[in-house]
file coords15.txt (compact mmCIF, C-alpha atoms)
# COMPACT_ATOMS: atom_id res chain seq x y z
CA GLU A 1 0.00 0.00 0.00
CA ALA A 2 1.86 3.01 -1.32
CA SER A 3 0.32 5.49 1.12
CA TYR A 4 2.25 3.87 3.98
CA ALA A 5 5.62 4.34 2.27
CA ARG A 6 8.19 7.04 2.97
CA ASP A 7 8.77 7.77 -0.71
CA PRO A 8 5.95 6.12 -2.66
CA LEU A 9 6.63 7.88 -5.96
CA LYS A 10 9.99 6.11 -6.07
CA GLY A 11 8.51 2.75 -5.12
CA SER A 12 10.02 2.64 -1.63
CA GLN A 13 7.03 0.57 -0.41
CA TYR A 14 8.52 -2.48 -2.14
CA PHE A 15 11.77 -2.43 -0.17
CA GLU A 16 10.18 -1.18 3.03
CA PHE A 17 7.83 -4.16 3.06
CA LYS A 18 10.75 -6.52 2.52
CA THR A 19 12.56 -4.88 5.42
CA LEU A 20 9.47 -5.18 7.61
CA ILE A 21 9.23 -8.93 6.97
CA ASN A 22 12.96 -9.44 7.56
CA GLU A 23 12.80 -7.60 10.89
CA LEU A 24 9.71 -9.49 12.03
CA HIS A 25 11.45 -12.77 11.20
CA ARG A 26 14.46 -11.61 13.21
CA GLN A 27 12.14 -11.16 16.20
CA GLY A 28 10.62 -14.64 15.80
CA PHE A 29 7.36 -13.64 14.12
CA ALA A 30 5.77 -15.29 11.10
CA VAL A 31 4.06 -13.11 8.49
CA VAL A 32 0.73 -14.37 7.12
CA LEU A 33 -0.89 -12.27 4.39
CA ASP A 34 -4.66 -11.85 4.29
CA VAL A 35 -5.40 -12.34 0.57
CA VAL A 36 -8.70 -11.53 -1.15
CA TYR A 37 -8.97 -13.32 -4.49
CA ASN A 38 -12.73 -13.87 -4.44
CA HIS A 39 -13.76 -10.46 -5.77
CA ILE A 40 -12.19 -7.40 -7.41
CA GLY A 41 -11.97 -3.83 -6.20
CA SER A 42 -11.88 -0.62 -8.16
CA PRO A 43 -10.79 -0.03 -10.86
CA ASN A 44 -11.89 -3.47 -12.02
CA VAL A 45 -9.38 -4.11 -14.79
CA PHE A 46 -10.47 -7.73 -15.27
CA PHE A 47 -14.02 -6.57 -15.96
CA MET A 48 -12.66 -4.37 -18.74
CA LEU A 49 -10.60 -7.24 -20.18
CA ASP A 50 -13.20 -10.02 -20.28
CA ARG A 51 -16.26 -9.92 -18.07
CA LYS A 52 -17.49 -13.41 -19.04
CA TYR A 53 -14.13 -15.10 -18.54
CA TYR A 54 -13.05 -13.67 -15.18
CA PHE A 55 -16.40 -13.47 -13.35
CA ARG A 56 -19.20 -15.88 -12.52
CA GLN A 57 -22.54 -14.89 -13.97
CA ASP A 58 -26.11 -16.12 -13.89
CA GLN A 59 -27.92 -17.16 -17.06
CA ASP A 60 -29.04 -13.59 -17.67
CA TYR A 61 -25.37 -12.42 -17.38
CA THR A 62 -25.95 -10.89 -13.95
CA LEU A 63 -22.76 -11.01 -11.90
CA GLN A 64 -22.97 -13.52 -9.05
CA ASN A 65 -22.66 -11.98 -5.60
CA PHE A 66 -22.10 -14.65 -2.95
CA SER A 67 -19.25 -12.49 -1.63
CA ALA A 68 -21.65 -9.59 -0.94
CA CYS A 69 -19.09 -7.46 -2.78
CA GLY A 70 -20.69 -7.52 -6.21
CA ASN A 71 -18.47 -9.55 -8.57
CA ASP A 72 -17.47 -13.10 -7.66
CA VAL A 73 -14.28 -14.18 -9.40
CA ARG A 74 -14.37 -17.21 -11.71
CA SER A 75 -11.42 -18.96 -10.08
CA GLU A 76 -12.00 -22.13 -12.09
CA ALA A 77 -11.01 -20.31 -15.29
CA PRO A 78 -7.50 -21.62 -16.13
CA MET A 79 -5.86 -18.23 -16.46
CA MET A 80 -7.49 -16.86 -13.31
CA ARG A 81 -6.29 -19.96 -11.45
CA ARG A 82 -2.80 -19.43 -12.85
CA LEU A 83 -2.87 -15.75 -11.88
CA ILE A 84 -3.77 -16.60 -8.25
CA ILE A 85 -1.05 -19.24 -7.95
CA ASP A 86 1.60 -17.09 -9.64
CA ASN A 87 0.75 -14.25 -7.29
CA LEU A 88 1.08 -16.46 -4.20
CA LEU A 89 4.45 -17.77 -5.38
CA TYR A 90 5.60 -14.19 -5.96
CA TRP A 91 4.92 -13.28 -2.33
CA ILE A 92 6.85 -16.32 -1.12
CA ARG A 93 9.82 -16.02 -3.46
CA GLU A 94 10.21 -12.28 -3.48
CA HIS A 95 9.09 -11.27 0.02
CA HIS A 96 9.53 -14.52 2.01
CA VAL A 97 6.09 -14.45 3.60
CA ASP A 98 5.22 -17.47 5.75
CA GLY A 99 1.69 -18.13 4.55
CA PHE A 100 -1.73 -16.86 3.59
CA ARG A 101 -5.21 -16.47 5.04
CA PHE A 102 -7.83 -16.61 2.27
CA ASP A 103 -10.82 -14.31 2.58
CA LEU A 104 -14.17 -16.02 1.79
CA ALA A 105 -12.25 -19.02 0.50
CA GLU A 106 -15.42 -21.03 -0.14
CA LEU A 107 -15.73 -18.95 -3.32
CA ILE A 108 -12.46 -20.39 -4.63
CA ASP A 109 -13.29 -23.64 -6.42
CA MET A 110 -11.91 -26.82 -4.82
CA GLU A 111 -9.67 -27.72 -7.76
CA THR A 112 -7.96 -24.36 -7.40
CA MET A 113 -7.71 -24.73 -3.61
CA LEU A 114 -5.85 -28.03 -4.03
CA ALA A 115 -3.69 -26.63 -6.83
CA ILE A 116 -2.74 -23.76 -4.51
CA GLN A 117 -1.80 -26.24 -1.80
CA ASP A 118 0.42 -28.23 -4.16
CA ALA A 119 2.15 -25.24 -5.70
CA VAL A 120 2.74 -23.36 -2.45
CA ARG A 121 4.01 -26.42 -0.56
CA ALA A 122 6.34 -27.35 -3.41
CA GLU A 123 7.90 -23.92 -2.98
CA LYS A 124 7.69 -23.73 0.82
CA PRO A 125 6.85 -27.00 2.65
CA ASP A 126 5.94 -25.33 5.94
CA ALA A 127 3.76 -22.58 4.47
CA ILE A 128 0.69 -21.70 6.56
CA LEU A 129 -2.55 -21.97 4.57
CA ILE A 130 -5.73 -20.79 6.29
CA SER A 131 -9.21 -20.76 4.77
CA GLU A 132 -12.05 -18.55 5.86
CA PRO A 133 -14.23 -21.47 4.81
CA TRP A 134 -17.55 -19.81 4.13
CA SER A 135 -19.39 -17.39 1.87
CA LEU A 136 -23.04 -16.52 1.43
CA ARG A 137 -23.51 -19.78 -0.49
CA GLY A 138 -22.05 -22.27 2.00
CA ASP A 139 -19.08 -23.77 3.84
CA HIS A 140 -16.30 -26.06 2.58
CA LYS A 141 -14.50 -27.17 5.77
CA LYS A 142 -15.43 -30.83 5.27
CA LYS A 143 -14.08 -30.77 1.71
CA LEU A 144 -10.70 -29.67 3.07
CA LYS A 145 -10.50 -32.55 5.56
CA GLY A 146 -7.19 -34.38 5.25
CA THR A 147 -5.56 -31.62 3.22
CA SER A 148 -2.91 -29.31 4.61
CA TRP A 149 -5.36 -26.40 4.67
CA SER A 150 -6.53 -25.20 8.06
CA SER A 151 -9.83 -23.37 8.50
CA TRP A 152 -11.34 -20.75 10.75
CA ASN A 153 -13.50 -22.65 13.24
CA ASP A 154 -16.59 -20.54 13.83
CA GLY A 155 -18.21 -23.39 15.75
CA PHE A 156 -15.60 -22.95 18.46
CA ARG A 157 -16.45 -19.28 18.83
CA TRP A 158 -20.12 -19.91 19.55
CA ALA A 159 -19.57 -22.97 21.75
CA ALA A 160 -17.03 -21.20 24.00
CA GLN A 161 -18.99 -17.94 24.14
CA ASN A 162 -22.29 -19.61 24.96
CA PHE A 163 -20.73 -21.76 27.67
CA SER A 164 -19.06 -18.71 29.23
CA LYS A 165 -22.46 -17.00 29.39
CA GLY A 166 -23.88 -19.93 31.36
CA GLU A 167 -25.76 -21.59 28.52
CA GLY A 168 -24.24 -25.04 28.97
CA ASN A 169 -23.95 -26.89 25.58
CA ARG A 170 -21.38 -29.36 26.91
CA GLU A 171 -21.62 -31.85 24.03
CA ASP A 172 -20.90 -29.11 21.50
CA LEU A 173 -18.01 -27.86 23.62
CA ARG A 174 -16.62 -31.39 23.88
CA THR A 175 -16.48 -31.62 20.07
CA GLN A 176 -14.62 -28.33 19.85
CA LEU A 177 -12.12 -29.27 22.57
CA ARG A 178 -11.10 -32.33 20.53
CA GLY A 179 -10.10 -30.16 17.60
CA CYS A 180 -13.24 -31.07 15.60
CA VAL A 181 -11.71 -34.40 14.53
CA ASP A 182 -15.13 -35.98 15.06
CA THR A 183 -16.77 -33.64 12.57
CA TRP A 184 -14.76 -31.86 9.86
CA ALA A 185 -11.02 -31.98 10.69
CA ALA A 186 -8.55 -34.84 10.17
CA THR A 187 -6.18 -33.35 12.73
CA PRO A 188 -6.52 -30.49 15.26
CA ALA A 189 -3.93 -28.61 13.19
CA GLN A 190 -6.74 -27.89 10.73
CA ALA A 191 -8.88 -26.08 13.34
CA ILE A 192 -8.13 -22.37 13.83
CA ASN A 193 -10.05 -21.70 17.05
CA PHE A 194 -11.14 -18.19 17.88
CA LEU A 195 -13.50 -16.16 20.06
CA GLU A 196 -13.41 -12.93 18.07
CA SER A 197 -12.29 -11.79 14.63
CA HIS A 198 -12.27 -8.54 12.67
CA ASP A 199 -15.83 -9.28 11.53
CA ASP A 200 -18.91 -9.17 13.74
CA LYS A 201 -18.95 -7.78 17.27
CA ALA A 202 -15.93 -7.65 19.55
CA LEU A 203 -15.83 -10.33 22.23
CA ALA A 204 -16.33 -7.69 24.94
CA ASP A 205 -19.58 -6.64 23.28
CA MET A 206 -20.79 -10.22 22.90
CA LEU A 207 -20.11 -11.15 26.53
CA THR A 208 -21.16 -7.91 28.20
CA THR A 209 -23.96 -7.82 30.74
CA ASP A 210 -24.84 -4.30 29.57
CA GLY A 211 -28.37 -4.25 28.20
CA GLY A 212 -27.30 -2.22 25.18
CA GLY A 213 -24.48 -4.58 24.29
CA ASP A 214 -21.78 -1.94 24.76
CA GLY A 215 -18.69 -3.61 26.23
CA ARG A 216 -17.11 -0.30 27.21
CA LYS A 217 -19.23 -0.41 30.36
CA LEU A 218 -16.94 -3.05 31.80
CA LYS A 219 -18.10 -5.02 34.84
CA PRO A 220 -16.32 -7.77 36.82
CA LEU A 221 -18.70 -10.39 35.42
CA ASP A 222 -17.84 -9.34 31.86
CA ALA A 223 -14.14 -9.84 32.57
CA ALA A 224 -14.78 -13.19 34.26
CA ARG A 225 -16.66 -14.41 31.19
CA ASN A 226 -13.79 -13.31 28.95
CA ARG A 227 -11.21 -15.17 31.05
CA LEU A 228 -13.37 -18.30 31.16
CA ALA A 229 -13.65 -18.26 27.36
CA ALA A 230 -9.90 -17.67 27.08
CA THR A 231 -9.25 -20.69 29.30
CA ILE A 232 -11.27 -22.82 26.89
CA LEU A 233 -9.43 -21.34 23.89
CA PHE A 234 -5.91 -21.96 25.18
CA THR A 235 -6.53 -25.42 26.62
CA ALA A 236 -8.37 -26.80 23.57
CA LEU A 237 -6.74 -28.81 20.81
CA GLY A 238 -6.35 -26.80 17.63
CA VAL A 239 -4.58 -23.55 16.82
CA PRO A 240 -5.68 -20.57 18.98
CA MET A 241 -6.22 -17.18 17.35
CA ILE A 242 -6.87 -13.91 19.17
CA SER A 243 -7.98 -10.58 17.77
CA GLU A 244 -6.26 -7.30 18.53
CA GLY A 245 -7.40 -5.93 21.88
CA GLN A 246 -9.39 -9.02 22.82
CA GLU A 247 -6.94 -9.64 25.66
CA TRP A 248 -7.84 -6.37 27.37
CA MET A 249 -11.54 -6.45 26.41
CA ARG A 250 -11.50 -3.86 23.68
CA SER A 251 -15.02 -2.86 22.68
CA LYS A 252 -16.37 -1.73 19.31
CA HIS A 253 -19.21 0.05 21.08
CA GLY A 254 -21.64 -2.78 20.38
CA PHE A 255 -21.61 -2.34 16.60
CA HIS A 256 -21.80 -5.51 14.53
CA ASN A 257 -19.43 -4.80 11.63
CA THR A 258 -17.24 -1.71 11.80
CA PHE A 259 -15.32 -1.66 8.51
CA ASP A 260 -16.94 1.68 7.63
CA ARG A 261 -16.82 3.39 11.04
CA GLY A 262 -13.26 4.69 11.05
CA ASP A 263 -10.93 5.29 13.98
CA ALA A 264 -13.70 6.56 16.26
CA VAL A 265 -14.66 2.91 16.77
CA ASN A 266 -11.78 0.83 15.40
CA ALA A 267 -8.70 2.51 16.86
CA LEU A 268 -6.82 0.66 19.59
CA ARG A 269 -6.87 2.71 22.79
CA TRP A 270 -3.91 1.35 24.70
CA GLN A 271 -4.85 3.17 27.90
CA GLU A 272 -7.84 0.82 28.23
CA ARG A 273 -5.36 -1.84 29.39
CA GLU A 274 -4.98 0.11 32.64
CA ARG A 275 -8.57 -0.52 33.77
CA PRO A 276 -8.29 -2.85 36.80
CA GLU A 277 -10.32 -5.72 35.30
CA ALA A 278 -8.62 -5.28 31.94
CA ALA A 279 -5.16 -5.42 33.52
CA VAL A 280 -5.98 -8.70 35.28
CA THR A 281 -7.37 -10.18 32.08
CA LEU A 282 -4.40 -9.07 30.00
CA GLY A 283 -2.05 -10.76 32.47
CA TYR A 284 -4.18 -13.90 32.35
CA TYR A 285 -3.89 -14.10 28.56
CA ARG A 286 -0.14 -13.60 28.79
CA ASP A 287 0.17 -16.44 31.30
CA LEU A 288 -2.08 -18.78 29.28
CA ILE A 289 0.07 -18.20 26.20
CA GLN A 290 3.25 -18.94 28.15
CA LEU A 291 1.68 -22.09 29.59
CA ARG A 292 0.62 -23.33 26.17
CA GLN A 293 4.08 -22.65 24.71
CA SER A 294 5.91 -24.37 27.59
CA LYS A 295 7.34 -27.88 27.44
CA ALA A 296 4.57 -29.14 29.72
CA GLY A 297 2.01 -27.34 27.54
CA ALA A 298 2.76 -29.66 24.61
CA THR A 299 -0.38 -31.41 25.88
CA PHE A 300 -2.50 -28.57 24.43
CA ARG A 301 -0.55 -28.55 21.15
CA PHE A 302 -1.18 -32.24 20.43
CA GLN A 303 -1.97 -32.77 16.75
CA GLY A 304 -2.78 -36.47 16.50
CA ALA A 305 -1.62 -39.97 17.37
CA SER A 306 0.71 -40.61 14.43
CA PHE A 307 2.17 -37.12 14.78
CA ALA A 308 2.97 -37.70 18.46
CA LYS A 309 4.93 -40.85 17.65
CA ALA A 310 6.66 -39.52 14.55
CA THR A 311 10.32 -38.55 14.45
CA PRO A 312 10.46 -34.74 14.52
CA VAL A 313 11.57 -33.18 11.27
CA THR A 314 14.68 -31.02 11.29
CA GLU A 315 14.76 -27.29 10.83
CA ALA A 316 16.09 -27.82 7.30
CA GLU A 317 13.23 -30.20 6.40
CA GLY A 318 10.45 -28.17 7.96
CA GLY A 319 11.60 -24.56 7.74
CA ARG A 320 10.65 -22.16 10.51
CA PHE A 321 7.74 -24.26 11.89
CA PRO A 322 8.75 -27.92 11.50
CA GLU A 323 6.24 -29.39 13.98
CA LEU A 324 3.28 -27.67 12.32
CA ALA A 325 4.56 -28.63 8.85
CA LYS A 326 4.85 -32.27 9.92
CA ALA A 327 1.38 -32.31 11.43
CA LEU A 328 -0.21 -30.78 8.37
CA ARG A 329 1.57 -33.07 5.93
CA GLU A 330 0.32 -36.10 7.89
CA GLY A 331 -3.14 -34.66 8.40
CA ALA A 332 -5.08 -37.47 6.72
CA LYS A 333 -3.46 -40.09 8.99
CA THR A 334 -3.99 -38.40 12.31
CA GLY A 335 -6.78 -38.02 14.83
CA VAL A 336 -7.22 -37.75 18.58
CA PRO A 337 -7.16 -41.12 20.39
CA GLU A 338 -9.99 -41.87 22.79
CA ASP A 339 -7.57 -42.15 25.73
CA TYR A 340 -6.39 -38.56 25.32
CA PHE A 341 -9.36 -37.03 27.19
CA TRP A 342 -11.04 -38.01 30.46
CA TRP A 343 -14.38 -36.18 30.67
CA ILE A 344 -15.97 -34.86 33.87
CA TRP A 345 -19.71 -34.21 33.86
CA PRO A 346 -20.98 -32.37 37.00
CA GLU A 347 -24.68 -32.49 37.75
CA ASP A 348 -25.01 -28.81 36.88
CA GLY A 349 -25.09 -28.67 33.06
CA ARG A 350 -23.39 -25.27 33.09
CA ALA A 351 -20.14 -26.81 34.36
CA PHE A 352 -17.74 -29.15 32.62
CA GLY A 353 -14.29 -30.67 33.13
CA TYR A 354 -11.66 -32.57 31.22
CA ILE A 355 -8.32 -34.24 31.83
CA MET A 356 -5.81 -34.34 28.98
CA ASN A 357 -2.93 -36.78 28.49
CA TRP A 358 -3.73 -38.59 31.75
CA THR A 359 -1.97 -41.75 30.49
CA ARG A 360 1.27 -39.77 29.96
CA LYS A 361 1.68 -41.55 26.62
CA TYR A 362 1.97 -38.31 24.68
CA PRO A 363 4.18 -35.18 24.82
CA GLY A 364 3.55 -32.82 27.75
CA LYS A 365 2.16 -33.30 31.24
CA PRO A 366 -1.33 -34.34 32.39
CA PHE A 367 -3.66 -31.37 32.83
CA MET A 368 -7.11 -31.10 34.39
CA VAL A 369 -9.38 -28.16 33.54
CA LEU A 370 -12.59 -27.49 35.50
CA LEU A 371 -14.95 -24.95 33.91
CA ASN A 372 -17.90 -23.29 35.62
CA GLY A 373 -20.14 -21.06 33.52
CA ALA A 374 -22.88 -20.93 36.16
CA ASP A 375 -23.74 -17.84 38.20
CA GLN A 376 -23.00 -19.74 41.41
CA PRO A 377 -20.24 -22.06 42.69
CA VAL A 378 -20.39 -25.63 41.41
CA THR A 379 -18.99 -28.65 43.24
CA PHE A 380 -17.24 -31.26 41.10
CA ASP A 381 -17.56 -34.73 42.68
CA MET A 382 -15.07 -36.65 40.57
CA THR A 383 -13.53 -40.05 40.13
CA LEU A 384 -10.06 -39.31 38.79
CA PRO A 385 -7.39 -41.51 37.19
CA GLU A 386 -5.41 -43.31 39.86
CA GLY A 387 -1.83 -42.51 40.73
CA ILE A 388 -1.83 -38.81 39.84
CA ALA A 389 -1.52 -35.96 42.32
CA TRP A 390 -2.88 -32.66 41.03
CA GLN A 391 -1.41 -29.21 41.73
CA ALA A 392 -3.60 -26.20 40.94
CA ILE A 393 -1.82 -23.63 38.78
CA GLY A 394 -4.79 -21.54 37.60
CA ASP A 395 -7.76 -20.06 39.44
CA GLY A 396 -9.48 -18.06 36.71
CA LYS A 397 -7.53 -14.87 37.37
CA ARG A 398 -3.89 -15.98 37.31
CA ILE A 399 -1.62 -18.77 36.21
CA ALA A 400 1.05 -19.69 38.78
CA ARG A 401 3.35 -22.11 36.97
CA LEU A 402 4.96 -23.22 40.26
CA GLY A 403 1.57 -23.90 41.82
CA ILE A 404 -1.03 -22.14 43.95
CA PRO A 405 -0.32 -22.81 47.65
CA GLY A 406 -2.85 -24.99 49.42
CA MET A 407 -4.51 -26.30 46.27
CA VAL A 408 -3.22 -29.86 45.86
CA LEU A 409 -5.27 -33.01 45.26
CA GLU A 410 -3.23 -35.94 46.58
CA ALA A 411 -3.07 -39.27 44.73
CA ALA A 412 -4.73 -41.60 47.25
CA GLY A 413 -7.60 -44.06 47.65
CA GLU A 414 -9.84 -44.81 44.70
CA GLY A 415 -9.30 -41.45 43.05
CA LYS A 416 -12.49 -39.77 44.34
CA ARG A 417 -12.06 -36.03 44.79
CA THR A 418 -14.25 -32.99 45.40
CA VAL A 419 -13.47 -29.48 44.14
CA THR A 420 -15.72 -26.43 44.27
CA VAL A 421 -15.15 -23.94 41.46
CA PRO A 422 -16.39 -20.35 41.93
CA ALA A 423 -19.03 -18.88 39.64
CA VAL A 424 -17.90 -18.02 36.08
CA SER A 425 -14.40 -19.27 36.61
CA ALA A 426 -11.96 -22.06 35.79
CA TYR A 427 -9.40 -24.08 37.70
CA ILE A 428 -6.39 -25.57 35.93
CA PHE A 429 -4.42 -28.41 37.58
CA VAL A 430 -1.20 -30.05 36.42
CA GLY A 431 -0.51 -33.70 37.15
CA MET A 432 2.54 -34.54 39.25

call {"tool": "encode", "arguments": {"input": "coords15.txt", "output": "structure tokens"}}
result
Amino acid sequence: EASYARDPLKGSQYFEFKTLINELHRQGFAVVLDVVYNHIGSPNVFFMLDRKYYFRQDQDYTLQNFSACGNDVRSEAPMMRRLIIDNLLYWIREHHVDGFRFDLAELIDMETMLAIQDAVRAEKPDAILISEPWSLRGDHKKKLKGTSWSSWNDGFRWAAQNFSKGEGNREDLRTQLRGCVDTWAATPAQAINFLESHDDKALADMLTTDGGGDGRKLKPLDAARNRLAATILFTALGVPMISEGQEWMRSKHGFHNTFDRGDAVNALRWQERERPEAAVTLGYYRDLIQLRQSKAGATFRFQGASFAKATPVTEAEGGRFPELAKALREGAKTGVPEDYFWWIWPEDGRAFGYIMNWTRKYPGKPFMVLLNGADQPVTFDMTLPEGIAWQAIGDGKRIARLGIPGMVLEAAGEGKRTVTVPAVSAYIFVGM
């Protein structure tokens, strides 16, 4: 975008973007481009070249509009397909980007989607390919099962949000926690889990107790709901995604889509992090991320049985993200074994619990997560796997990696234990 450049009339944007990517790589970041090949902006040069060839039309030559943008691209046309692939390879070869997120990817025909996968991975084996798998005409997540495409998982968003608001839905949540391998994914690596994106309302506005749906009027219960949802996000199998400002409960004033509302609504106001509830929540997100990235947290990053037993690829074989590359390449062979989760079903349907990796057969440590979306404390009367002592490390407001004093469940007797979890909160235990 030339307007961001220091000297756009001399083309400095080209080299400045290269420098940006190089510096981000130096700091350990990957760069994923959001690409929009499903429709054309203005001026529409392809319309001027050949309207019938480059765009899908109805029988009366009306342009199809399942993108809601007015001119759906005919990606199945050989030269349009070639143009998309050539453009992707340009970004990889010339600018060394790490991958792509495809806007409204359901509008790209499946033959082209698979051709993109083959061409991009031949050039860069560990490239990140993410589909926004829907459009106004449908969803193609199931068609991508077993490929090395991952997809935005909108089902996770609604399951985690609804549970955090006290609406139960434990069976739906169970499916999401397993990385959707029982529905549309071959491996959890295909599921990009999220609570909020650039579209629709901000999470703060969806979880607020304010009658007008304006999350700026922050209350302790709003923050508790956010942290409960974040606990689900970072302890679920799949790839977690967060939106800018979600971690300090940024609001978009209750508006649904804000692409046309400018900085008055969309600007990030960093001082909002200093609100007491926001500061606690921001710290909680930071600690959850560190836990998930830790050696013990490999439990949450599990991508499937065959992947867990496979010999790790080297940096040279897998590029910057060898584990993810390996998981995606073996996607069709992997799944989540039945002994990976131990489910806990309290009598109150608004509460739920799960133990991960309790057999210790897989990378990482055993973890137990107890979720309470109810507006009152819930007692978990549990029969736990024998031989494991549990140390609490999370209480819904903080993660203490060395343990929370006085919160230990000893390994004794027949494994029966009782834990009371406060309203709208979560406890996290690590097995010792």

call {"tool": "atom_distance", "arguments": {"input": "coords15.txt", "atom1": "CA of Pro125 (chain A)", "atom2": "CA of Tyr362 (chain A)"}}
result
25.2 Å

call {"tool": "closest_residue", "arguments": {"input": "coords15.txt", "among": "A:Ile344, A:Ala159, A:Met249, A:Ile192", "to": "Leu282 (chain A)", "atoms": "only C-alpha atoms"}}
result
A:Met249

call {"tool": "residues_near_point", "arguments": {"input": "coords15.txt", "point": "(-4.3, -31.5, 36.0)", "cutoff": "10 Å", "atoms": "all atoms listed in the file", "output": "PDB file with C-alpha atoms, keeping the file's coordinate frame"}}
result
ATOM      1  CA  TYR A 354     -11.660 -32.570  31.220  1.00  0.00           C
ATOM      2  CA  ILE A 355      -8.320 -34.240  31.830  1.00  0.00           C
ATOM      3  CA  MET A 356      -5.810 -34.340  28.980  1.00  0.00           C
ATOM      4  CA  ASN A 357      -2.930 -36.780  28.490  1.00  0.00           C
ATOM      5  CA  TRP A 358      -3.730 -38.590  31.750  1.00  0.00           C
ATOM      6  CA  LYS A 365       2.160 -33.300  31.240  1.00  0.00           C
ATOM      7  CA  PRO A 366      -1.330 -34.340  32.390  1.00  0.00           C
ATOM      8  CA  PHE A 367      -3.660 -31.370  32.830  1.00  0.00           C
ATOM      9  CA  MET A 368      -7.110 -31.100  34.390  1.00  0.00           C
ATOM     10  CA  VAL A 369      -9.380 -28.160  33.540  1.00  0.00           C
ATOM     11  CA  LEU A 370     -12.590 -27.490  35.500  1.00  0.00           C
ATOM     12  CA  ILE A 388      -1.830 -38.810  39.840  1.00  0.00           C
ATOM     13  CA  ALA A 389      -1.520 -35.960  42.320  1.00  0.00           C
ATOM     14  CA  TRP A 390      -2.880 -32.660  41.030  1.00  0.00           C
ATOM     15  CA  GLN A 391      -1.410 -29.210  41.730  1.00  0.00           C
ATOM     16  CA  ALA A 392      -3.600 -26.200  40.940  1.00  0.00           C
ATOM     17  CA  ILE A 393      -1.820 -23.630  38.780  1.00  0.00           C
ATOM     18  CA  LEU A 409      -5.270 -33.010  45.260  1.00  0.00           C
ATOM     19  CA  TYR A 427      -9.400 -24.080  37.700  1.00  0.00           C
ATOM     20  CA  ILE A 428      -6.390 -25.570  35.930  1.00  0.00           C
ATOM     21  CA  PHE A 429      -4.420 -28.410  37.580  1.00  0.00           C
ATOM     22  CA  VAL A 430      -1.200 -30.050  36.420  1.00  0.00           C
ATOM     23  CA  GLY A 431      -0.510 -33.700  37.150  1.00  0.00           C
ATOM     24  CA  MET A 432       2.540 -34.540  39.250  1.00  0.00           C
TER      25      MET A 432
END

call {"tool": "atom_distance", "arguments": {"input": "coords15.txt", "atom1": "CA of Met241 (chain A)", "atom2": "CA of Gln290 (chain A)"}}
result
14.5 Å

call {"tool": "closest_residue", "arguments": {"input": "coords15.txt", "among": "A:Leu20, A:Val181, A:Ala68, A:Ala77", "to": "His39 (chain A)", "atoms": "only C-alpha atoms"}}
result
A:Ala68
